[in-house]
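K.L.:
mmCIF, N, CA and C atoms, file entry_23.cif:
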data_query
#
loop_
_atom_site.label_atom_id
_atom_site.label_comp_id
_atom_site.auth_asym_id
_atom_site.auth_seq_id
_atom_site.Cartn_x
_atom_site.Cartn_y
_atom_site.Cartn_z
N MET A 1 -86.48 -192.26 -5.74
CA MET A 1 -85.42 -191.27 -5.73
C MET A 1 -84.67 -191.29 -7.07
N GLN A 2 -84.27 -192.50 -7.48
CA GLN A 2 -83.54 -192.64 -8.73
C GLN A 2 -84.45 -192.32 -9.91
N GLN A 3 -85.72 -192.65 -9.80
CA GLN A 3 -86.67 -192.38 -10.87
C GLN A 3 -86.83 -190.88 -11.09
N ALA A 4 -86.93 -190.12 -10.00
CA ALA A 4 -87.08 -188.67 -10.11
C ALA A 4 -85.85 -188.05 -10.77
N GLU A 5 -84.67 -188.56 -10.45
CA GLU A 5 -83.44 -188.04 -11.05
C GLU A 5 -83.40 -188.35 -12.55
N THR A 6 -83.83 -189.55 -12.92
CA THR A 6 -83.86 -189.94 -14.34
C THR A 6 -84.85 -189.06 -15.11
N ILE A 7 -86.01 -188.82 -14.52
CA ILE A 7 -87.01 -187.96 -15.17
C ILE A 7 -86.45 -186.55 -15.36
N ARG A 8 -85.77 -186.03 -14.36
CA ARG A 8 -85.18 -184.68 -14.45
C ARG A 8 -84.16 -184.62 -15.58
N GLU A 9 -83.30 -185.65 -15.70
CA GLU A 9 -82.29 -185.68 -16.76
C GLU A 9 -82.95 -185.75 -18.14
N LEU A 10 -84.02 -186.56 -18.27
CA LEU A 10 -84.71 -186.67 -19.56
C LEU A 10 -85.39 -185.36 -19.94
N ARG A 11 -85.98 -184.67 -18.98
CA ARG A 11 -86.61 -183.37 -19.26
C ARG A 11 -85.56 -182.35 -19.71
N ASP A 12 -84.40 -182.38 -19.08
CA ASP A 12 -83.32 -181.47 -19.49
C ASP A 12 -82.88 -181.78 -20.91
N GLU A 13 -82.76 -183.05 -21.25
CA GLU A 13 -82.34 -183.45 -22.59
C GLU A 13 -83.38 -183.03 -23.62
N ILE A 14 -84.66 -183.19 -23.32
CA ILE A 14 -85.73 -182.76 -24.23
C ILE A 14 -85.67 -181.25 -24.44
N ALA A 15 -85.43 -180.50 -23.36
CA ALA A 15 -85.35 -179.04 -23.47
C ALA A 15 -84.19 -178.63 -24.37
N VAL A 16 -83.05 -179.31 -24.25
CA VAL A 16 -81.89 -178.98 -25.09
C VAL A 16 -82.20 -179.30 -26.54
N LEU A 17 -82.86 -180.43 -26.82
CA LEU A 17 -83.22 -180.80 -28.19
C LEU A 17 -84.20 -179.81 -28.80
N LYS A 18 -85.07 -179.21 -28.00
CA LYS A 18 -86.02 -178.21 -28.49
C LYS A 18 -85.35 -176.84 -28.68
N GLY A 19 -84.09 -176.73 -28.27
CA GLY A 19 -83.39 -175.46 -28.41
C GLY A 19 -83.55 -174.56 -27.19
N GLN A 20 -84.11 -175.09 -26.15
CA GLN A 20 -84.27 -174.31 -24.92
C GLN A 20 -83.06 -174.53 -24.02
N MET A 21 -82.99 -173.73 -23.01
CA MET A 21 -81.90 -173.86 -22.04
C MET A 21 -82.20 -175.02 -21.10
N GLY A 22 -81.19 -175.80 -20.80
CA GLY A 22 -81.32 -176.86 -19.81
C GLY A 22 -81.16 -176.27 -18.41
N ARG A 23 -81.18 -177.12 -17.43
CA ARG A 23 -80.98 -176.65 -16.06
C ARG A 23 -79.54 -176.17 -15.89
N PRO A 24 -79.34 -175.11 -15.12
CA PRO A 24 -77.96 -174.65 -14.89
C PRO A 24 -77.21 -175.65 -14.00
N ALA A 25 -75.91 -175.74 -14.22
CA ALA A 25 -75.09 -176.62 -13.39
C ALA A 25 -74.86 -175.93 -12.05
N MET A 26 -75.30 -176.53 -10.98
CA MET A 26 -75.18 -175.94 -9.65
C MET A 26 -73.97 -176.52 -8.94
N LYS A 27 -73.12 -175.65 -8.43
CA LYS A 27 -71.96 -176.11 -7.66
C LYS A 27 -72.42 -176.41 -6.24
N PRO A 28 -71.80 -177.38 -5.59
CA PRO A 28 -72.17 -177.66 -4.21
C PRO A 28 -71.78 -176.52 -3.29
N SER A 29 -72.53 -176.37 -2.22
CA SER A 29 -72.28 -175.32 -1.25
C SER A 29 -70.94 -175.53 -0.55
N ARG A 30 -70.20 -174.44 -0.31
CA ARG A 30 -68.93 -174.53 0.41
C ARG A 30 -69.09 -174.08 1.86
N MET A 31 -70.34 -173.88 2.28
CA MET A 31 -70.58 -173.40 3.63
C MET A 31 -70.09 -174.41 4.67
N ASP A 32 -70.29 -175.69 4.41
CA ASP A 32 -69.85 -176.71 5.35
C ASP A 32 -68.34 -176.70 5.49
N GLU A 33 -67.62 -176.48 4.38
CA GLU A 33 -66.16 -176.42 4.44
C GLU A 33 -65.71 -175.26 5.32
N GLU A 34 -66.36 -174.10 5.17
CA GLU A 34 -66.00 -172.93 5.97
C GLU A 34 -66.26 -173.18 7.45
N MET A 35 -67.36 -173.86 7.75
CA MET A 35 -67.68 -174.15 9.14
C MET A 35 -66.64 -175.09 9.74
N ASP A 36 -66.18 -176.07 8.94
CA ASP A 36 -65.16 -176.99 9.42
C ASP A 36 -63.85 -176.27 9.67
N LYS A 37 -63.51 -175.30 8.83
CA LYS A 37 -62.29 -174.53 9.04
C LYS A 37 -62.35 -173.78 10.36
N ASP A 38 -63.51 -173.17 10.66
CA ASP A 38 -63.66 -172.42 11.90
C ASP A 38 -63.55 -173.34 13.12
N LYS A 39 -64.10 -174.57 13.00
CA LYS A 39 -64.03 -175.49 14.13
C LYS A 39 -62.61 -175.95 14.39
N ASN A 40 -61.82 -176.09 13.33
CA ASN A 40 -60.44 -176.55 13.48
C ASN A 40 -59.50 -175.43 13.91
N ASN A 41 -59.93 -174.19 13.81
CA ASN A 41 -59.09 -173.05 14.17
C ASN A 41 -59.12 -172.87 15.69
N PRO A 42 -57.98 -172.97 16.38
CA PRO A 42 -58.00 -172.86 17.84
C PRO A 42 -58.33 -171.47 18.35
N THR A 43 -58.22 -170.43 17.50
CA THR A 43 -58.54 -169.08 17.95
C THR A 43 -60.03 -168.82 17.94
N GLY A 44 -60.81 -169.75 17.42
CA GLY A 44 -62.26 -169.61 17.47
C GLY A 44 -62.85 -168.84 16.33
N GLY A 45 -62.30 -168.92 15.14
CA GLY A 45 -62.92 -168.27 13.99
C GLY A 45 -61.95 -167.36 13.27
N ARG A 46 -62.33 -166.10 13.15
CA ARG A 46 -61.58 -165.18 12.31
C ARG A 46 -60.35 -164.59 12.97
N GLY A 47 -60.16 -164.79 14.23
CA GLY A 47 -59.05 -164.15 14.92
C GLY A 47 -59.54 -162.98 15.73
N ARG A 48 -58.70 -161.98 15.89
CA ARG A 48 -59.04 -160.87 16.77
C ARG A 48 -59.96 -159.86 16.13
N GLY A 49 -59.87 -159.65 14.82
CA GLY A 49 -60.71 -158.64 14.20
C GLY A 49 -61.01 -158.97 12.76
N LYS A 50 -61.93 -158.25 12.20
CA LYS A 50 -62.38 -158.52 10.84
C LYS A 50 -61.26 -158.28 9.83
N TYR A 51 -60.48 -157.24 10.01
CA TYR A 51 -59.44 -156.88 9.07
C TYR A 51 -58.05 -157.07 9.67
N ARG A 52 -57.92 -157.98 10.61
CA ARG A 52 -56.68 -158.17 11.35
C ARG A 52 -55.50 -158.48 10.44
N ASN A 53 -55.65 -159.38 9.48
CA ASN A 53 -54.54 -159.80 8.63
C ASN A 53 -54.66 -159.27 7.21
N SER A 54 -55.26 -158.11 7.02
CA SER A 54 -55.48 -157.59 5.68
C SER A 54 -54.21 -156.97 5.10
N GLY A 55 -53.20 -156.69 5.93
CA GLY A 55 -51.98 -156.07 5.44
C GLY A 55 -52.11 -154.57 5.28
N GLN A 56 -53.25 -154.00 5.63
CA GLN A 56 -53.45 -152.56 5.52
C GLN A 56 -53.32 -151.93 6.90
N PRO A 57 -52.81 -150.69 6.96
CA PRO A 57 -52.73 -150.02 8.26
C PRO A 57 -54.11 -149.61 8.74
N ALA A 58 -54.23 -149.37 10.03
CA ALA A 58 -55.49 -148.92 10.60
C ALA A 58 -55.85 -147.55 10.01
N LYS A 59 -57.15 -147.25 9.96
CA LYS A 59 -57.60 -145.97 9.42
C LYS A 59 -57.03 -144.80 10.22
N THR A 60 -56.92 -144.98 11.53
CA THR A 60 -56.42 -143.87 12.35
C THR A 60 -54.93 -143.64 12.13
N ALA A 61 -54.21 -144.59 11.54
CA ALA A 61 -52.78 -144.40 11.28
C ALA A 61 -52.55 -143.35 10.21
N ARG A 62 -53.54 -143.10 9.37
CA ARG A 62 -53.40 -142.12 8.28
C ARG A 62 -53.87 -140.72 8.68
N LEU A 63 -54.37 -140.55 9.88
CA LEU A 63 -54.90 -139.25 10.31
C LEU A 63 -53.77 -138.30 10.70
N ASP A 64 -53.98 -137.02 10.42
CA ASP A 64 -53.08 -136.00 10.96
C ASP A 64 -53.48 -135.76 12.40
N ILE A 65 -52.52 -135.81 13.32
CA ILE A 65 -52.80 -135.60 14.73
C ILE A 65 -52.45 -134.15 15.05
N HIS A 66 -53.43 -133.39 15.55
CA HIS A 66 -53.25 -131.98 15.85
C HIS A 66 -52.87 -131.74 17.31
N GLU A 67 -53.15 -132.67 18.16
CA GLU A 67 -52.88 -132.52 19.59
C GLU A 67 -52.65 -133.90 20.17
N GLU A 68 -51.72 -133.99 21.11
CA GLU A 68 -51.47 -135.25 21.78
C GLU A 68 -51.44 -134.99 23.29
N ARG A 69 -52.25 -135.73 24.02
CA ARG A 69 -52.34 -135.56 25.47
C ARG A 69 -52.05 -136.89 26.15
N THR A 70 -51.31 -136.85 27.25
CA THR A 70 -51.01 -138.04 28.02
C THR A 70 -51.93 -138.09 29.22
N MET A 71 -52.60 -139.22 29.41
CA MET A 71 -53.51 -139.40 30.52
C MET A 71 -52.85 -140.32 31.55
N ALA A 72 -52.92 -139.93 32.82
CA ALA A 72 -52.28 -140.68 33.90
C ALA A 72 -53.30 -141.56 34.61
N VAL A 73 -52.81 -142.68 35.14
CA VAL A 73 -53.64 -143.57 35.95
C VAL A 73 -53.67 -143.03 37.37
N ASN A 74 -54.85 -143.02 37.97
CA ASN A 74 -54.98 -142.58 39.36
C ASN A 74 -54.73 -143.76 40.29
N ASP A 75 -54.10 -143.52 41.42
CA ASP A 75 -53.91 -144.50 42.49
C ASP A 75 -53.20 -145.77 42.01
N VAL A 76 -51.97 -145.60 41.54
CA VAL A 76 -51.16 -146.76 41.14
C VAL A 76 -50.56 -147.37 42.39
N PRO A 77 -50.76 -148.68 42.63
CA PRO A 77 -50.20 -149.31 43.82
C PRO A 77 -48.66 -149.32 43.81
N GLU A 78 -48.08 -149.33 44.94
CA GLU A 78 -46.62 -149.39 45.09
C GLU A 78 -46.12 -150.70 44.49
N GLY A 79 -45.01 -150.64 43.77
CA GLY A 79 -44.41 -151.83 43.18
C GLY A 79 -44.93 -152.13 41.78
N SER A 80 -45.83 -151.28 41.24
CA SER A 80 -46.35 -151.50 39.90
C SER A 80 -45.29 -151.17 38.86
N ARG A 81 -45.35 -151.81 37.73
CA ARG A 81 -44.38 -151.63 36.65
C ARG A 81 -45.06 -150.92 35.49
N PHE A 82 -44.46 -149.84 34.99
CA PHE A 82 -45.03 -149.06 33.88
C PHE A 82 -44.90 -149.86 32.59
N LEU A 83 -46.02 -150.02 31.86
CA LEU A 83 -46.05 -150.81 30.63
C LEU A 83 -45.98 -149.98 29.37
N GLY A 84 -46.06 -148.69 29.49
CA GLY A 84 -46.06 -147.83 28.31
C GLY A 84 -47.42 -147.18 28.14
N HIS A 85 -47.75 -146.82 26.91
CA HIS A 85 -49.00 -146.16 26.60
C HIS A 85 -49.78 -146.95 25.58
N ARG A 86 -51.09 -146.77 25.58
CA ARG A 86 -51.98 -147.32 24.55
C ARG A 86 -52.58 -146.12 23.83
N ALA A 87 -52.43 -146.06 22.52
CA ALA A 87 -52.95 -144.93 21.75
C ALA A 87 -54.46 -145.05 21.60
N PHE A 88 -55.17 -143.96 21.83
CA PHE A 88 -56.62 -143.88 21.70
C PHE A 88 -56.88 -142.60 20.92
N THR A 89 -57.18 -142.71 19.62
CA THR A 89 -57.32 -141.55 18.75
C THR A 89 -58.79 -141.12 18.70
N VAL A 90 -59.03 -139.84 18.93
CA VAL A 90 -60.37 -139.26 18.91
C VAL A 90 -60.45 -138.29 17.74
N GLN A 91 -61.48 -138.46 16.90
CA GLN A 91 -61.69 -137.54 15.80
C GLN A 91 -62.77 -136.54 16.19
N ASP A 92 -62.50 -135.28 15.92
CA ASP A 92 -63.45 -134.22 16.25
C ASP A 92 -63.46 -133.21 15.12
N LEU A 93 -64.42 -132.32 15.14
CA LEU A 93 -64.56 -131.33 14.10
C LEU A 93 -64.58 -129.95 14.74
N ARG A 94 -63.67 -129.09 14.32
CA ARG A 94 -63.60 -127.72 14.83
C ARG A 94 -63.50 -126.78 13.65
N ILE A 95 -64.54 -126.67 12.88
CA ILE A 95 -64.56 -125.91 11.62
C ILE A 95 -63.30 -126.25 10.83
N GLY A 96 -62.98 -127.46 10.90
CA GLY A 96 -61.80 -128.06 10.30
C GLY A 96 -61.45 -129.24 11.18
N PRO A 97 -60.69 -130.15 10.68
CA PRO A 97 -60.39 -131.34 11.49
C PRO A 97 -59.47 -131.03 12.66
N HIS A 98 -59.68 -131.72 13.75
CA HIS A 98 -58.83 -131.60 14.92
C HIS A 98 -58.81 -132.96 15.61
N ASN A 99 -57.72 -133.69 15.44
CA ASN A 99 -57.61 -135.04 15.96
C ASN A 99 -56.68 -135.03 17.16
N THR A 100 -57.09 -135.65 18.23
CA THR A 100 -56.32 -135.72 19.47
C THR A 100 -55.98 -137.17 19.76
N ARG A 101 -54.72 -137.43 20.04
CA ARG A 101 -54.32 -138.77 20.45
C ARG A 101 -54.06 -138.73 21.95
N PHE A 102 -54.82 -139.54 22.68
CA PHE A 102 -54.64 -139.66 24.12
C PHE A 102 -53.72 -140.85 24.36
N LEU A 103 -52.64 -140.63 25.07
CA LEU A 103 -51.75 -141.71 25.45
C LEU A 103 -52.14 -142.13 26.85
N LEU A 104 -52.80 -143.27 26.95
CA LEU A 104 -53.33 -143.75 28.21
C LEU A 104 -52.25 -144.57 28.91
N GLU A 105 -51.81 -144.11 30.07
CA GLU A 105 -50.79 -144.83 30.81
C GLU A 105 -51.28 -146.22 31.17
N ARG A 106 -50.36 -147.19 31.17
CA ARG A 106 -50.69 -148.56 31.56
C ARG A 106 -49.66 -149.00 32.59
N TRP A 107 -50.14 -149.61 33.65
CA TRP A 107 -49.29 -150.08 34.73
C TRP A 107 -49.64 -151.52 35.06
N ALA A 108 -48.61 -152.34 35.32
CA ALA A 108 -48.82 -153.71 35.77
C ALA A 108 -48.61 -153.72 37.28
N THR A 109 -49.60 -154.17 38.02
CA THR A 109 -49.51 -154.21 39.48
C THR A 109 -48.76 -155.47 39.92
N PRO A 110 -48.24 -155.49 41.13
CA PRO A 110 -47.53 -156.68 41.60
C PRO A 110 -48.42 -157.93 41.63
N ASP A 111 -49.75 -157.75 41.77
CA ASP A 111 -50.62 -158.92 41.82
C ASP A 111 -51.09 -159.37 40.43
N GLY A 112 -50.53 -158.79 39.35
CA GLY A 112 -50.81 -159.25 38.00
C GLY A 112 -51.86 -158.47 37.24
N ARG A 113 -52.52 -157.51 37.86
CA ARG A 113 -53.53 -156.71 37.16
C ARG A 113 -52.85 -155.65 36.31
N VAL A 114 -53.54 -155.18 35.27
CA VAL A 114 -53.05 -154.09 34.44
C VAL A 114 -54.00 -152.92 34.61
N LEU A 115 -53.47 -151.78 35.01
CA LEU A 115 -54.26 -150.56 35.18
C LEU A 115 -54.04 -149.67 33.96
N THR A 116 -55.12 -149.17 33.38
CA THR A 116 -55.05 -148.28 32.23
C THR A 116 -55.76 -146.98 32.59
N ALA A 117 -55.15 -145.86 32.23
CA ALA A 117 -55.75 -144.56 32.51
C ALA A 117 -57.06 -144.41 31.74
N ALA A 118 -57.98 -143.65 32.30
CA ALA A 118 -59.28 -143.41 31.66
C ALA A 118 -59.20 -142.22 30.72
N CYS A 119 -60.03 -142.24 29.69
CA CYS A 119 -60.16 -141.10 28.80
C CYS A 119 -60.94 -140.00 29.53
N PRO A 120 -60.84 -138.77 29.06
CA PRO A 120 -61.64 -137.72 29.68
C PRO A 120 -63.12 -138.08 29.66
N PRO A 121 -63.85 -137.78 30.73
CA PRO A 121 -65.25 -138.21 30.83
C PRO A 121 -66.16 -137.60 29.77
N ASP A 122 -65.83 -136.43 29.23
CA ASP A 122 -66.71 -135.81 28.23
C ASP A 122 -66.71 -136.58 26.91
N LEU A 123 -65.78 -137.51 26.69
CA LEU A 123 -65.76 -138.31 25.47
C LEU A 123 -66.72 -139.49 25.55
N GLY A 124 -66.98 -139.98 26.74
CA GLY A 124 -67.87 -141.12 26.91
C GLY A 124 -67.32 -142.40 26.30
N GLY A 125 -65.99 -142.51 26.15
CA GLY A 125 -65.38 -143.71 25.58
C GLY A 125 -65.47 -143.79 24.06
N LEU A 126 -65.94 -142.73 23.40
CA LEU A 126 -66.08 -142.74 21.94
C LEU A 126 -64.82 -142.24 21.27
N HIS A 127 -64.62 -142.62 20.02
CA HIS A 127 -63.48 -142.16 19.24
C HIS A 127 -63.82 -140.90 18.44
N PHE A 128 -64.98 -140.29 18.70
CA PHE A 128 -65.37 -139.05 18.05
C PHE A 128 -65.68 -138.03 19.14
N GLY A 129 -65.15 -136.83 18.98
CA GLY A 129 -65.32 -135.80 19.99
C GLY A 129 -66.72 -135.24 20.00
N PRO A 130 -67.02 -134.42 21.02
CA PRO A 130 -68.38 -133.87 21.16
C PRO A 130 -68.80 -133.01 19.97
N GLY A 131 -67.87 -132.26 19.39
CA GLY A 131 -68.23 -131.42 18.25
C GLY A 131 -68.69 -132.23 17.06
N LEU A 132 -68.01 -133.32 16.79
CA LEU A 132 -68.38 -134.16 15.66
C LEU A 132 -69.66 -134.94 15.94
N CYS A 133 -69.91 -135.24 17.21
CA CYS A 133 -71.13 -135.97 17.56
C CYS A 133 -72.36 -135.07 17.48
N TYR A 134 -72.22 -133.77 17.74
CA TYR A 134 -73.38 -132.88 17.78
C TYR A 134 -73.74 -132.30 16.43
N VAL A 135 -72.85 -132.35 15.44
CA VAL A 135 -73.15 -131.78 14.13
C VAL A 135 -74.37 -132.45 13.50
N PRO A 136 -74.46 -133.79 13.46
CA PRO A 136 -75.67 -134.38 12.86
C PRO A 136 -76.95 -133.98 13.59
N ARG A 137 -76.89 -133.88 14.91
CA ARG A 137 -78.09 -133.45 15.67
C ARG A 137 -78.45 -132.01 15.32
N TYR A 138 -77.45 -131.16 15.21
CA TYR A 138 -77.68 -129.77 14.85
C TYR A 138 -78.34 -129.68 13.48
N LEU A 139 -77.79 -130.44 12.51
CA LEU A 139 -78.35 -130.41 11.16
C LEU A 139 -79.77 -130.95 11.15
N GLU A 140 -80.04 -131.94 11.96
CA GLU A 140 -81.38 -132.52 12.01
C GLU A 140 -82.37 -131.51 12.57
N LEU A 141 -81.98 -130.76 13.59
CA LEU A 141 -82.88 -129.80 14.21
C LEU A 141 -83.16 -128.59 13.32
N PHE A 142 -82.13 -128.14 12.60
CA PHE A 142 -82.27 -126.89 11.86
C PHE A 142 -82.36 -127.07 10.35
N ASN A 143 -82.61 -128.28 9.90
CA ASN A 143 -82.79 -128.52 8.48
C ASN A 143 -84.24 -128.19 8.13
N PRO A 144 -84.47 -127.17 7.27
CA PRO A 144 -85.85 -126.75 6.98
C PRO A 144 -86.65 -127.81 6.21
N SER A 145 -86.00 -128.76 5.59
CA SER A 145 -86.73 -129.78 4.85
C SER A 145 -87.09 -130.97 5.73
N HIS A 146 -86.75 -130.88 7.01
CA HIS A 146 -87.03 -131.98 7.92
C HIS A 146 -88.53 -132.15 8.12
N SER A 147 -88.98 -133.38 8.25
CA SER A 147 -90.43 -133.65 8.29
C SER A 147 -91.12 -133.02 9.50
N ARG A 148 -90.43 -132.83 10.62
CA ARG A 148 -91.08 -132.25 11.80
C ARG A 148 -91.44 -130.78 11.59
N LEU A 149 -90.74 -130.10 10.68
CA LEU A 149 -90.97 -128.68 10.51
C LEU A 149 -92.01 -128.37 9.44
N ARG A 150 -92.54 -129.37 8.80
CA ARG A 150 -93.55 -129.14 7.76
C ARG A 150 -94.91 -128.93 8.35
#
Starting from the coordinates I provided, produce the structure as C-alpha coordinates.
P.N.:
Amino acid sequence: MQQAETIRELRDEIAVLKGQMGRPAMKPSRMDEEMDKDKNNPTGGRGRGKYRNSGQPAKTARLDIHEERTMAVNDVPEGSRFLGHRAFTVQDLRIGPHNTRFLLERWATPDGRVLTAACPPDLGGLHFGPGLCYVPRYLELFNPSHSRLR
(Lines of atoms letter the chains of each structure in order from A and count residues from 1; the text may use other names and numbers.)
(Lines give C-alpha, C1' and ligand atoms only; values in the text may rest on other atoms or scores of the structure.)
Protein backbone atom coordinates (compact mmCIF):
# COMPACT_ATOMS: atom_id res chain seq x y z
CA MET A 1 0.00 0.00 0.00
CA GLN A 2 2.73 2.42 1.03
CA GLN A 3 4.88 1.32 -1.91
CA ALA A 4 2.13 2.13 -4.43
CA GLU A 5 1.70 5.60 -2.89
CA THR A 6 5.46 6.25 -3.07
CA ILE A 7 5.56 5.14 -6.72
CA ARG A 8 2.63 7.47 -7.53
CA GLU A 9 4.41 10.43 -5.87
CA LEU A 10 7.66 9.70 -7.74
CA ARG A 11 5.83 9.48 -11.09
CA ASP A 12 4.17 12.82 -10.38
CA GLU A 13 7.54 14.38 -9.55
CA ILE A 14 9.09 13.00 -12.76
CA ALA A 15 6.17 14.41 -14.79
CA VAL A 16 6.65 17.86 -13.23
CA LEU A 17 10.41 17.76 -13.96
CA LYS A 18 9.65 16.89 -17.61
CA GLY A 19 7.37 19.93 -17.79
CA GLN A 20 4.19 17.91 -17.85
CA MET A 21 1.21 18.34 -15.61
CA GLY A 22 1.20 16.37 -12.38
CA ARG A 23 -1.88 14.73 -10.93
CA PRO A 24 -4.62 17.18 -9.95
CA ALA A 25 -5.18 17.72 -6.24
CA MET A 26 -8.44 15.96 -5.40
CA LYS A 27 -10.54 17.24 -2.51
CA PRO A 28 -12.20 14.63 -0.32
CA SER A 29 -15.87 13.96 -0.91
CA ARG A 30 -18.33 15.89 1.28
CA MET A 31 -21.13 13.42 0.65
CA ASP A 32 -20.60 11.71 3.99
CA GLU A 33 -20.85 15.06 5.80
CA GLU A 34 -24.18 15.80 4.08
CA MET A 35 -25.52 12.38 5.01
CA ASP A 36 -24.53 12.94 8.65
CA LYS A 37 -26.33 16.29 8.65
CA ASP A 38 -29.52 14.62 7.39
CA LYS A 39 -29.29 11.92 10.07
CA ASN A 40 -28.90 14.51 12.82
CA ASN A 41 -31.84 16.58 11.55
CA PRO A 42 -34.99 15.53 13.45
CA THR A 43 -37.26 16.62 10.57
CA GLY A 44 -35.79 13.88 8.40
CA GLY A 45 -33.80 15.78 5.79
CA ARG A 46 -34.66 18.92 3.92
CA GLY A 47 -37.81 19.85 5.78
CA ARG A 48 -41.23 20.22 4.22
CA GLY A 49 -40.26 21.24 0.70
CA LYS A 50 -37.40 21.83 -1.66
CA TYR A 51 -37.66 25.62 -1.57
CA ARG A 52 -39.21 25.94 1.90
CA ASN A 53 -36.58 28.31 3.36
CA SER A 54 -35.46 30.06 0.19
CA GLY A 55 -36.93 33.42 1.27
CA GLN A 56 -38.81 33.71 -2.02
CA PRO A 57 -42.61 33.85 -2.29
CA ALA A 58 -44.49 31.01 -3.94
CA LYS A 59 -44.93 31.27 -7.72
CA THR A 60 -48.69 31.46 -7.32
CA ALA A 61 -48.32 34.52 -5.04
CA ARG A 62 -47.27 36.57 -8.09
CA LEU A 63 -50.26 35.56 -10.26
CA ASP A 64 -53.10 37.90 -11.09
CA ILE A 65 -56.30 36.28 -9.80
CA HIS A 66 -59.26 36.84 -12.15
CA GLU A 67 -61.88 34.92 -10.17
CA GLU A 68 -62.20 33.70 -6.62
CA ARG A 69 -64.65 30.98 -5.60
CA THR A 70 -65.39 29.61 -2.14
CA MET A 71 -65.96 25.87 -1.88
CA ALA A 72 -68.03 24.49 1.01
CA VAL A 73 -67.56 21.22 2.87
CA ASN A 74 -70.50 18.82 2.60
CA ASP A 75 -71.95 17.18 5.72
CA VAL A 76 -70.13 19.02 8.51
CA PRO A 77 -70.84 17.28 11.84
CA GLU A 78 -72.52 19.24 14.63
CA GLY A 79 -70.03 20.90 16.99
CA SER A 80 -67.31 21.32 14.34
CA ARG A 81 -65.15 24.45 14.49
CA PHE A 82 -64.45 26.47 11.31
CA LEU A 83 -60.68 26.71 10.67
CA GLY A 84 -60.71 29.14 7.77
CA HIS A 85 -59.79 28.54 4.15
CA ARG A 86 -56.90 26.93 2.30
CA ALA A 87 -55.99 28.65 -0.97
CA PHE A 88 -55.82 26.38 -4.03
CA THR A 89 -54.83 28.36 -7.14
CA VAL A 90 -55.69 26.95 -10.57
CA GLN A 91 -54.07 28.30 -13.72
CA ASP A 92 -56.07 28.11 -16.93
CA LEU A 93 -55.94 29.61 -20.39
CA ARG A 94 -58.89 31.40 -21.98
CA ILE A 95 -57.33 33.12 -25.00
CA GLY A 96 -55.59 35.00 -22.27
CA PRO A 97 -54.80 34.08 -18.70
CA HIS A 98 -57.61 33.33 -16.27
CA ASN A 99 -56.58 32.28 -12.78
CA THR A 100 -59.12 31.12 -10.21
CA ARG A 101 -58.44 30.84 -6.50
CA PHE A 102 -60.65 28.31 -4.76
CA LEU A 103 -61.04 28.91 -1.04
CA LEU A 104 -61.58 25.45 0.36
CA GLU A 105 -63.45 25.53 3.65
CA ARG A 106 -61.79 23.68 6.53
CA TRP A 107 -63.59 22.43 9.62
CA ALA A 108 -62.29 20.74 12.77
CA THR A 109 -64.69 18.08 14.03
CA PRO A 110 -65.23 17.42 17.75
CA ASP A 111 -63.39 14.09 17.39
CA GLY A 112 -60.21 15.83 16.10
CA ARG A 113 -60.54 15.28 12.34
CA VAL A 114 -60.14 18.14 9.86
CA LEU A 115 -62.60 18.30 6.96
CA THR A 116 -61.56 20.20 3.82
CA ALA A 117 -63.88 21.05 0.95
CA ALA A 118 -63.19 19.34 -2.38
CA CYS A 119 -62.21 21.14 -5.56
CA PRO A 120 -64.63 20.95 -8.49
CA PRO A 121 -64.45 17.46 -10.02
CA ASP A 122 -63.61 18.72 -13.52
CA LEU A 123 -60.17 19.86 -12.23
CA GLY A 124 -59.14 16.38 -11.12
CA GLY A 125 -57.06 17.88 -8.27
CA LEU A 126 -54.71 19.66 -10.71
CA HIS A 127 -53.54 23.27 -10.44
CA PHE A 128 -54.12 23.76 -14.19
CA GLY A 129 -57.58 24.10 -15.67
CA PRO A 130 -59.01 22.00 -18.49
CA GLY A 131 -58.30 24.65 -21.13
CA LEU A 132 -54.62 24.78 -20.31
CA CYS A 133 -54.40 20.99 -20.12
CA TYR A 134 -55.97 20.46 -23.57
CA VAL A 135 -53.89 23.00 -25.51
CA PRO A 136 -50.80 20.73 -25.80
CA ARG A 137 -53.02 17.83 -26.94
CA TYR A 138 -54.71 20.07 -29.49
CA LEU A 139 -51.36 21.26 -30.83
CA GLU A 140 -50.09 17.69 -30.99
CA LEU A 141 -53.11 16.52 -33.00
CA PHE A 142 -53.20 19.41 -35.46
CA ASN A 143 -49.51 20.14 -35.91
CA PRO A 144 -48.79 19.37 -39.60
CA SER A 145 -45.13 18.60 -38.88
CA HIS A 146 -46.09 15.86 -36.44
CA SER A 147 -44.65 12.45 -37.32
CA ARG A 148 -48.06 10.68 -37.41
CA LEU A 149 -49.26 12.91 -40.24
CA ARG A 150 -46.33 12.25 -42.57
K.L.:
What's the separation between CA of Asn99 (chain A) and atom N of Ala61 (chain A), in Å to one decimal place?
P.N.:
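Going from CA of Asn99 (chain A) over to atom N of Ala61 (chain A), I get 11.1 Å.
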K.L.:
Write out as a PyMOL selection string the residues lying within 7 Å of region 107-123 of chain A, counting all atoms listed in the file and excluding same-chain residues fewer than 6 positions away.
P.N.:
chain A and resi 71-74+77-84+129-130
K.L.:
Restricting the calculation to only C-alpha atoms: of A:Glu33, A:Glu105, A:Glu5, A:Glu13, which residue gets closest to Arg69 (chain A)?
P.N.:
A:Glu105
K.L.:
Report, in Å to a single decimal, how far apart atom C of Val90 (chain A) and atom C of Thr70 (chain A) are.
P.N.:
14.3 Å
K.L.:
Figure out the distance between CA of Ile65 (chain A) and atom C of Thr100 (chain A), please, to one decimal in Å.
P.N.:
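It comes out at 6.2 Å.
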